[in-house]
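With PDB, C-alpha atoms inside, this is coords-v2.pdb:
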ATOM      1  CA  MET A   1      74.857  -8.855  87.859
ATOM      2  CA  ILE A   2      76.005  -9.827  91.333
ATOM      3  CA  GLU A   3      76.037  -7.003  93.881
ATOM      4  CA  LEU A   4      78.903  -7.350  96.355
ATOM      5  CA  LYS A   5      79.072  -5.416  99.603
ATOM      6  CA  LEU A   6      82.710  -5.017 100.557
ATOM      7  CA  THR A   7      81.987  -3.431 103.939
ATOM      8  CA  PRO A   8      78.848  -2.639 105.899
ATOM      9  CA  THR A   9      77.668   0.966 105.841
ATOM     10  CA  LEU A  10      76.471   0.743 109.453
ATOM     11  CA  ASN A  11      79.670   2.280 110.800
ATOM     12  CA  VAL A  12      79.386   5.353 108.547
ATOM     13  CA  PRO A  13      78.226   8.330 110.654
ATOM     14  CA  ASP A  14      75.960  10.425 108.413
ATOM     15  CA  ALA A  15      74.060  10.330 105.130
ATOM     16  CA  SER A  16      76.649  12.227 103.068
ATOM     17  CA  ALA A  17      79.438  10.003 104.370
ATOM     18  CA  ALA A  18      77.310   6.925 103.627
ATOM     19  CA  ALA A  19      76.732   8.149 100.066
ATOM     20  CA  GLN A  20      80.450   8.791  99.637
ATOM     21  CA  HIS A  21      81.214   5.332 101.074
ATOM     22  CA  GLN A  22      78.861   3.710  98.558
ATOM     23  CA  LYS A  23      80.464   5.616  95.660
ATOM     24  CA  ILE A  24      83.953   4.597  96.746
ATOM     25  CA  GLU A  25      82.846   0.994  97.306
ATOM     26  CA  LYS A  26      81.251   0.818  93.856
ATOM     27  CA  SER A  27      84.355   2.277  92.211
ATOM     28  CA  ALA A  28      86.658  -0.154  94.035
ATOM     29  CA  ARG A  29      84.456  -3.112  93.057
ATOM     30  CA  GLU A  30      84.320  -2.004  89.404
ATOM     31  CA  PHE A  31      88.082  -1.482  89.304
ATOM     32  CA  GLU A  32      88.721  -4.961  90.679
ATOM     33  CA  GLY A  33      86.271  -6.369  88.146
ATOM     34  CA  LEU A  34      88.141  -4.682  85.308
ATOM     35  CA  LEU A  35      91.465  -6.032  86.549
ATOM     36  CA  LEU A  36      90.117  -9.574  86.887
ATOM     37  CA  SER A  37      88.518  -9.367  83.467
ATOM     38  CA  ALA A  38      91.795  -8.260  81.880
ATOM     39  CA  LEU A  39      93.681 -10.998  83.716
ATOM     40  CA  TRP A  40      91.323 -13.756  82.576
ATOM     41  CA  LYS A  41      91.175 -12.397  79.033
ATOM     42  CA  SER A  42      94.963 -12.457  78.819
ATOM     43  CA  MET A  43      95.128 -15.976  80.213
ATOM     44  CA  GLY A  44      92.385 -17.085  77.844
ATOM     45  CA  GLU A  45      94.284 -15.799  74.831
ATOM     46  CA  ASP A  46      97.292 -17.899  75.826
ATOM     47  CA  ILE A  47      95.095 -20.980  76.183
ATOM     48  CA  LYS A  48      93.388 -20.342  72.834
ATOM     49  CA  ASP A  49      96.750 -19.924  71.101
ATOM     50  CA  SER A  50      97.793 -23.382  72.260
ATOM     51  CA  SER A  51      94.566 -25.042  71.029
ATOM     52  CA  ASP A  52      95.737 -25.172  67.373
ATOM     53  CA  GLY A  53      92.717 -23.286  66.014
ATOM     54  CA  ASP A  54      90.058 -25.695  67.295
ATOM     55  CA  SER A  55      86.944 -23.485  67.547
ATOM     56  CA  SER A  56      85.036 -25.858  69.843
ATOM     57  CA  ASN A  57      87.924 -25.874  72.298
ATOM     58  CA  ALA A  58      88.055 -22.071  72.177
ATOM     59  CA  SER A  59      84.324 -21.896  72.994
ATOM     60  CA  PHE A  60      84.711 -24.206  75.993
ATOM     61  CA  THR A  61      87.708 -22.188  77.120
ATOM     62  CA  ASP A  62      85.621 -18.988  76.980
ATOM     63  CA  LEU A  63      82.844 -20.627  79.011
ATOM     64  CA  GLY A  64      85.304 -21.943  81.564
ATOM     65  CA  LEU A  65      87.002 -18.585  81.998
ATOM     66  CA  GLN A  66      83.626 -16.900  82.364
ATOM     67  CA  ALA A  67      82.627 -19.413  85.056
ATOM     68  CA  VAL A  68      85.882 -18.868  86.949
ATOM     69  CA  GLY A  69      85.441 -15.096  86.766
ATOM     70  CA  SER A  70      81.850 -15.344  88.033
ATOM     71  CA  ALA A  71      82.904 -17.612  90.896
ATOM     72  CA  MET A  72      85.659 -15.211  91.912
ATOM     73  CA  ALA A  73      83.329 -12.223  91.776
ATOM     74  CA  SER A  74      80.643 -13.966  93.838
ATOM     75  CA  SER A  75      83.181 -14.876  96.521
ATOM     76  CA  GLY A  76      84.445 -11.315  96.874
ATOM     77  CA  GLY A  77      87.216 -11.174  94.302
ATOM     78  CA  ILE A  78      90.863 -11.365  95.270
ATOM     79  CA  GLY A  79      90.913  -8.514  97.783
ATOM     80  CA  ILE A  80      92.088  -5.679  95.572
ATOM     81  CA  GLY A  81      88.715  -3.957  95.891
ATOM     82  CA  ARG A  82      88.812  -4.126  99.695
ATOM     83  CA  MET A  83      92.375  -2.771  99.818
ATOM     84  CA  LEU A  84      91.476   0.023  97.424
ATOM     85  CA  LEU A  85      88.334   0.817  99.441
ATOM     86  CA  LYS A  86      90.375   1.118 102.655
ATOM     87  CA  ALA A  87      92.965   3.364 101.015
ATOM     88  CA  LEU A  88      90.392   5.613  99.353
ATOM     89  CA  GLU A  89      88.312   5.948 102.525
ATOM     90  CA  LYS A  90      91.439   6.807 104.525
ATOM     91  CA  GLN A  91      92.364   9.412 101.926
ATOM     92  CA  ALA A  92      88.823  10.836 101.953
ATOM     93  CA  SER A  93      88.905  10.942 105.766
ATOM     94  CA  ASP A  94      92.300  12.653 105.770
ATOM     95  CA  ASN A  95      91.054  15.205 103.229
ATOM     96  CA  ALA A  96      87.934  15.876 105.317
ATOM     97  CA  ASN A  97      90.008  16.309 108.515
ATOM     98  CA  PRO A  98      93.376  17.775 107.412
ATOM     99  CA  ASP A  99      94.434  18.716 110.971
ATOM    100  CA  LYS A 100      93.853  15.205 112.331
ATOM    101  CA  GLY A 101      96.907  13.698 110.671
ATOM    102  CA  GLN A 102      99.338  16.419 111.770
ATOM    103  CA  SER A 103     101.107  16.322 115.108
ATOM    104  CA  ASN A 104     101.050  19.249 117.500
ATOM    105  CA  VAL A 105     104.830  19.224 118.011
ATOM    106  CA  GLN A 106     106.210  22.745 118.124
ATOM    107  CA  GLY A 107     109.763  23.891 117.413
ATOM    108  CA  ALA A 108     112.529  21.816 118.956
TER     109      ALA A 108
END
Before we go any further, please render this structure as structure tokens.
Amino acid sequence: MIELKLTPTLNVPDASAAAQHQKIEKSAREFEGLLLSALWKSMGEDIKDSSDGDSSNASFTDLGLQAVGSAMASSGGIGIGRMLLKALEKQASDNANPDKGQSNVQGA
């Protein structure tokens, strides 16, 4: 299995934050993998349906879809994992520092 690093952990301040970053990164990567797998499986079914039941064509289609999926994964996917990672880390940061996101504006 190919291990992708979406972002470096060098900018994470402490060990617990680094561990949380790695968990979030792994979850984002796995989620993107599941989405890509479902996408390619759906597209493959459409291709197989149009092959008129030719089993050799279906086998080559499976191999081709697998190769495309592997190539996408090795190049970093389509960016869903990175977007999800950013959003989840922002949410985790906001939850860790609830006062940071609020303004200090008092009554008007």
Residue nearest Met72 (chain A) among A:Gln22, A:Ser16, A:Ser93, A:Ser37 (counting only C-alpha atoms):
A:Ser37
Any chance you could resolve the PyMOL selection byres ((chain A and resi 78) around 12) against this file and give the residues as a list in words?
Leu6, Arg29, Phe31, Glu32, Gly33, Leu35, Leu36, Leu39, Gly69, Ala71, Met72, Ala73, Ser74, Ser75, Gly76, Gly77, Gly79, Ile80, Gly81, Arg82, Met83 and Leu84 of chain A
Mind telling me what the PyMOL selection byres ((chain A and resi 21) around 10) catches here, as a VMD selection string?
chain A and resid 7 to 9 12 15 to 20 22 to 27 85 88 to 89 92
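As for CA of Ala96 (chain A) and CA of Ala28 (chain A), they are spaced 19.6 Å apart.
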Skip Trp40 (chain A) itself and residues of its chain fewer than 2 positions away, then list as a PyMOL selection string all residues within 12 Å of it, counting all atoms listed in the file.
chain A and resi 33-38+42-48+61-70+72
Produce region 37-67 of chain A of the given structure as output with N, CA and C atoms, as a CSV table (one decimal), in the first residue's frame.
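Okay, this is what ended up in part.csv:
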chain,number,residue,atom,x,y,z
A,37,SER,N,-12.6,5.0,-4.9
A,37,SER,CA,-12.9,3.6,-5.2
A,37,SER,C,-14.3,3.5,-5.7
A,38,ALA,N,-15.2,4.1,-5.0
A,38,ALA,CA,-16.7,4.1,-5.3
A,38,ALA,C,-16.9,4.7,-6.7
A,39,LEU,N,-16.2,5.8,-7.0
A,39,LEU,CA,-16.3,6.4,-8.3
A,39,LEU,C,-15.8,5.5,-9.4
A,40,TRP,N,-14.7,4.9,-9.3
A,40,TRP,CA,-14.2,4.0,-10.3
A,40,TRP,C,-15.0,2.8,-10.4
A,41,LYS,N,-15.5,2.3,-9.3
A,41,LYS,CA,-16.4,1.1,-9.4
A,41,LYS,C,-17.6,1.4,-10.2
A,42,SER,N,-18.2,2.5,-9.9
A,42,SER,CA,-19.4,2.9,-10.6
A,42,SER,C,-19.1,3.1,-12.1
A,43,MET,N,-18.0,3.7,-12.4
A,43,MET,CA,-17.7,3.9,-13.9
A,43,MET,C,-17.4,2.6,-14.5
A,44,GLY,N,-16.7,1.7,-13.8
A,44,GLY,CA,-16.4,0.4,-14.3
A,44,GLY,C,-17.7,-0.5,-14.6
A,45,GLU,N,-18.7,-0.3,-13.8
A,45,GLU,CA,-19.9,-1.1,-14.0
A,45,GLU,C,-20.6,-0.6,-15.3
A,46,ASP,N,-20.5,0.7,-15.6
A,46,ASP,CA,-21.1,1.2,-16.8
A,46,ASP,C,-20.3,0.7,-18.1
A,47,ILE,N,-19.0,0.6,-17.9
A,47,ILE,CA,-18.2,0.1,-19.0
A,47,ILE,C,-18.5,-1.3,-19.3
A,48,LYS,N,-18.6,-2.1,-18.2
A,48,LYS,CA,-18.8,-3.5,-18.3
A,48,LYS,C,-20.2,-3.8,-18.9
A,49,ASP,N,-21.2,-3.0,-18.6
A,49,ASP,CA,-22.5,-3.2,-19.1
A,49,ASP,C,-22.5,-3.0,-20.6
A,50,SER,N,-21.6,-2.1,-21.2
A,50,SER,CA,-21.6,-1.9,-22.6
A,50,SER,C,-20.7,-2.9,-23.3
A,51,SER,N,-20.1,-3.8,-22.6
A,51,SER,CA,-19.2,-4.8,-23.3
A,51,SER,C,-19.9,-6.0,-23.8
A,52,ASP,N,-21.2,-6.1,-23.7
A,52,ASP,CA,-22.0,-7.2,-24.2
A,52,ASP,C,-21.6,-8.6,-23.6
A,53,GLY,N,-21.2,-8.6,-22.3
A,53,GLY,CA,-20.9,-9.9,-21.7
A,53,GLY,C,-19.6,-10.5,-22.0
A,54,ASP,N,-18.7,-9.8,-22.6
A,54,ASP,CA,-17.4,-10.4,-23.0
A,54,ASP,C,-16.5,-10.4,-21.7
A,55,SER,N,-16.2,-11.6,-21.2
A,55,SER,CA,-15.5,-11.7,-19.9
A,55,SER,C,-14.1,-11.2,-20.0
A,56,SER,N,-13.4,-11.4,-21.1
A,56,SER,CA,-12.1,-10.9,-21.3
A,56,SER,C,-12.0,-9.4,-21.3
A,57,ASN,N,-13.0,-8.8,-21.9
A,57,ASN,CA,-13.0,-7.3,-21.9
A,57,ASN,C,-13.3,-6.8,-20.5
A,58,ALA,N,-14.1,-7.5,-19.7
A,58,ALA,CA,-14.4,-7.1,-18.4
A,58,ALA,C,-13.2,-7.2,-17.5
A,59,SER,N,-12.3,-8.2,-17.7
A,59,SER,CA,-11.1,-8.4,-16.9
A,59,SER,C,-10.1,-7.3,-17.3
A,60,PHE,N,-10.0,-6.9,-18.5
A,60,PHE,CA,-9.1,-5.8,-18.9
A,60,PHE,C,-9.6,-4.5,-18.4
A,61,THR,N,-10.9,-4.3,-18.3
A,61,THR,CA,-11.5,-3.1,-17.8
A,61,THR,C,-11.2,-3.0,-16.3
A,62,ASP,N,-11.3,-4.1,-15.6
A,62,ASP,CA,-11.0,-4.1,-14.1
A,62,ASP,C,-9.5,-3.7,-13.9
A,63,LEU,N,-8.6,-4.3,-14.7
A,63,LEU,CA,-7.2,-4.0,-14.6
A,63,LEU,C,-6.9,-2.6,-14.9
A,64,GLY,N,-7.5,-2.0,-15.9
A,64,GLY,CA,-7.3,-0.6,-16.3
A,64,GLY,C,-7.8,0.3,-15.2
A,65,LEU,N,-9.0,0.0,-14.7
A,65,LEU,CA,-9.5,0.9,-13.6
A,65,LEU,C,-8.6,0.8,-12.4
A,66,GLN,N,-8.1,-0.4,-12.1
A,66,GLN,CA,-7.2,-0.5,-10.9
A,66,GLN,C,-5.9,0.3,-11.2
A,67,ALA,N,-5.4,0.3,-12.4
A,67,ALA,CA,-4.2,1.0,-12.7
A,67,ALA,C,-4.4,2.5,-12.6
